[in-house]
Structure formats: structure tokens, C-alpha cells
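Have a look at the structure below, then the notes.
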Amino acid sequence: MELSRDLENEIHVVEFHMLDKIKFYPLTLMTSLSVRGLLYPLTLVRTRLQTQTGKTVYKGMFDAIVKIGRREGFRAFYQGFGVSCIQIPSSVIYITIYESVRQYWAARLNNGHIASMVAGFSASCVNQLFIVPLDIVSQHLMLMEGKKSASNKRIEEKLQKLQKIHISDEIKNSKFGAVRAICREIMQSDGLRGFYKGSGVSLAVYSAGSGFWWLFYNLYGSWMIEIFPVSTSRLALKMVAAPLAGISSVILTNPFDVLRTRVQVLGESYNETLKILWREERWNILTKGISARMTTSCLFSLMIAFGYESVKRFSLKEEFKADVRW
């Protein structure tokens, strides 16, 4: 097959109509569950770092990992994971919209980079309708201290200050007790609107982040194809482009992610939350929790790129296999 320097041909994007959906969707769900399970502890650490004032509880990502592990045990890293897993089917919705929109605009714009950015943004916008309520409940669970394996009253008091919703240990440790208590508290204080607190900034973070990720993923891949020999594995180039795209997206959206977390957890208005953040953090807003988020994004990008491309490869219809170059 003759190679062109256009990214769409060089990377050999497998279009949606080339895939066997009976194989594709189950494999996508399995990949999403695996990636979420592996990276959830870092998501929990990031949420606690972004919610604290300054460095009152944790000095940074590694300090948080050590303190949570020592005081609360390994299970604490998966506080709220069950609720988070309910989001997994949304990955099928996301990827279906992404592939459909990308294919539509690629044919009309004749520009794969822009088409991918528009598709990533569109898919994430729709996805937020399902994700935001679960995100809010999951974040409250992340801030709840797990079963204590070591006693430290000072740390316990600081952790309690991060939480707006306080639940007794008896309810917290019962099956689904904490989830029910959080949902009840949100409904009583804000009604159904409470489950969509920060939805506007969530769109800015996730939708823009998704669009930027796909844009940079394509751009970096295109540049690397110009640099490396034609014989270089396309999957290998994607494994390099993916974390670079993740880092670029995180840098551009991190301040909005900090604002999103604070609004959803503390329940204040955007203006009030911005005033509090500026008073407490000043320019540290730009980098608050960024180490955990960047680490998560790099690993997530690597796993998703590898997992997704592998899923597409295994799901490819027989009539297209001879024409696709990996």
C-alpha cells in the first residue's frame, strides 16, 4: 500500500463502518473497566488535592498516596469506585458519537485534525448528561475517610474540613449507606439541580479536554510520522503521541478542573468559588493537583490508545484486514 504524508492515511484510521460491532462494544466495555480500575486511585488523590486549602492535608501527590495508604489502607483508594463504574456504559455512547461525528466532518472538512477535535468535543458534551451526577456523588465518596488503620486526630480533623456532607461511620460502612445518604443530602439541599452542580465548568473541562486531546493526538502523530522512518510501527507512534496529547490537554484545562471540583464538592456558586480559590491559592490555581492529574492523564492516554487501537484491530471486519496497516 502506498503511503502518503497525510495523517489519516499514515496512521490508517479504521473507520466505524469497518468494525464488527458485536465484538467492538463488549471489548470497549472491558477496556474501559480495566483502565478505570487501574487509574481510580490517582483520580481519588487528585480530587483530595484539589479540594484542600493550600497544602493543609497533603503536600503533594506522593505525600497523599503515602498518608492515605498508612492511615486508611489500600481500600481507601477505591472509595466511590462502585458509583464511578456506573459511568462505564457511557464509554460506548462516547465512542459511538466520536466515530460517527469524526467520519462525518472528515469527509466535509477534508481535515482529520479538526474533525477529530470537533468529534471529541461533541462526544464529551453528550456524555456529560450521564456523567456529572455520578461524578458529584463519587467525589463526595472520595473525600470520605476510609476505615482508619492508624490514629491521627489532626489529620482526621483536616480531612473532615474538606467534606461538606458528614456521615456517621455506621452509615458509611453499611452497604450503599453512604451513597444513599449523599444523594438524600444533595436532594434536600439543592434538589435535582444539585446533581448538576458545576455542569457548565464540567463541559469546559471534559469537552474541551476531549477535543484538545484528539487534536494534539493527531498533530503529534503527524509530526512524528514526518520525523521517523516510514517502516516505524504506527502503534508505537500512537503510544508516544497519546501521553503528549494528555499532558497538553491537562495544562490547558487544569484551572477549570480545580474550579469544577470545588463547585461540585462545596456547592458554592461559580463567583463565590472563584473568590475563595483566588484568596486561598492565587496563581497556584493553575497548577493545583496538576501532578496527579498529569500522571493520570499520561497513563490513561497510553492505556486508552493501546486498548482502543487493539480493540479496533480485533473487531475489524474480515474484508478490511488485508488493507489496514498497523
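Ligands are numbered from 1 in the order shown, chains are lettered A, B, ... in the order of the C-alpha cells, and residues start at 1 in each chain.
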For Thr28 (chain A), list every protein, DNA or RNA residue within 12 Å, evaluated using only C-alpha atoms, and leave out those in the same chain fewer than 2 positions away; present the list as a PyMOL selection string. chain A and resi 21-26+30-35+88-96+304-315
For Val45 (chain A), which residue out of A:Pro229, A:Gly112, A:Gly60, A:Gly191 is the nearest one, using only C-alpha atoms?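 Of all the options, A:Gly60 lies closest to Val45 (chain A).
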Using backbone DSSP assignments, extract all helix (DSSP H, G or I) residues from region 7-213 of chain A; output them as number ranges by chain. A: 7-10, 16-18, 21-51, 61-72, 74-78, 81-85, 90-109, 112-142, 153-162, 169-172, 177-196, 199-213
9 Å contact set for Leu42 (chain A), only C-alpha atoms, chain neighbours under 4 positions out, as a list in words: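 Non-adjacent residues within range: Leu38, Arg46, Thr47, Met61, Ile65, Phe77, Ala292, Arg293, Thr295 and Thr296 of chain A.
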Quick one: residues within 7 Å of Gly120 (chain A), only C-alpha atoms, excluding same-chain residues fewer than 6 positions away - as a JSON list (two decimals) with C-alpha atoms, in the first residue's frame?
```json
[["chain", "number", "residue", "atom", "x", "y", "z"],
["A", 98, "TYR", "CA", -16.96, 10.30, 18.38],
["A", 210, "SER", "CA", -11.55, 15.74, 24.94],
["A", 211, "GLY", "CA", -11.41, 17.97, 21.88],
["A", 214, "TRP", "CA", -7.84, 14.31, 19.92]]
```
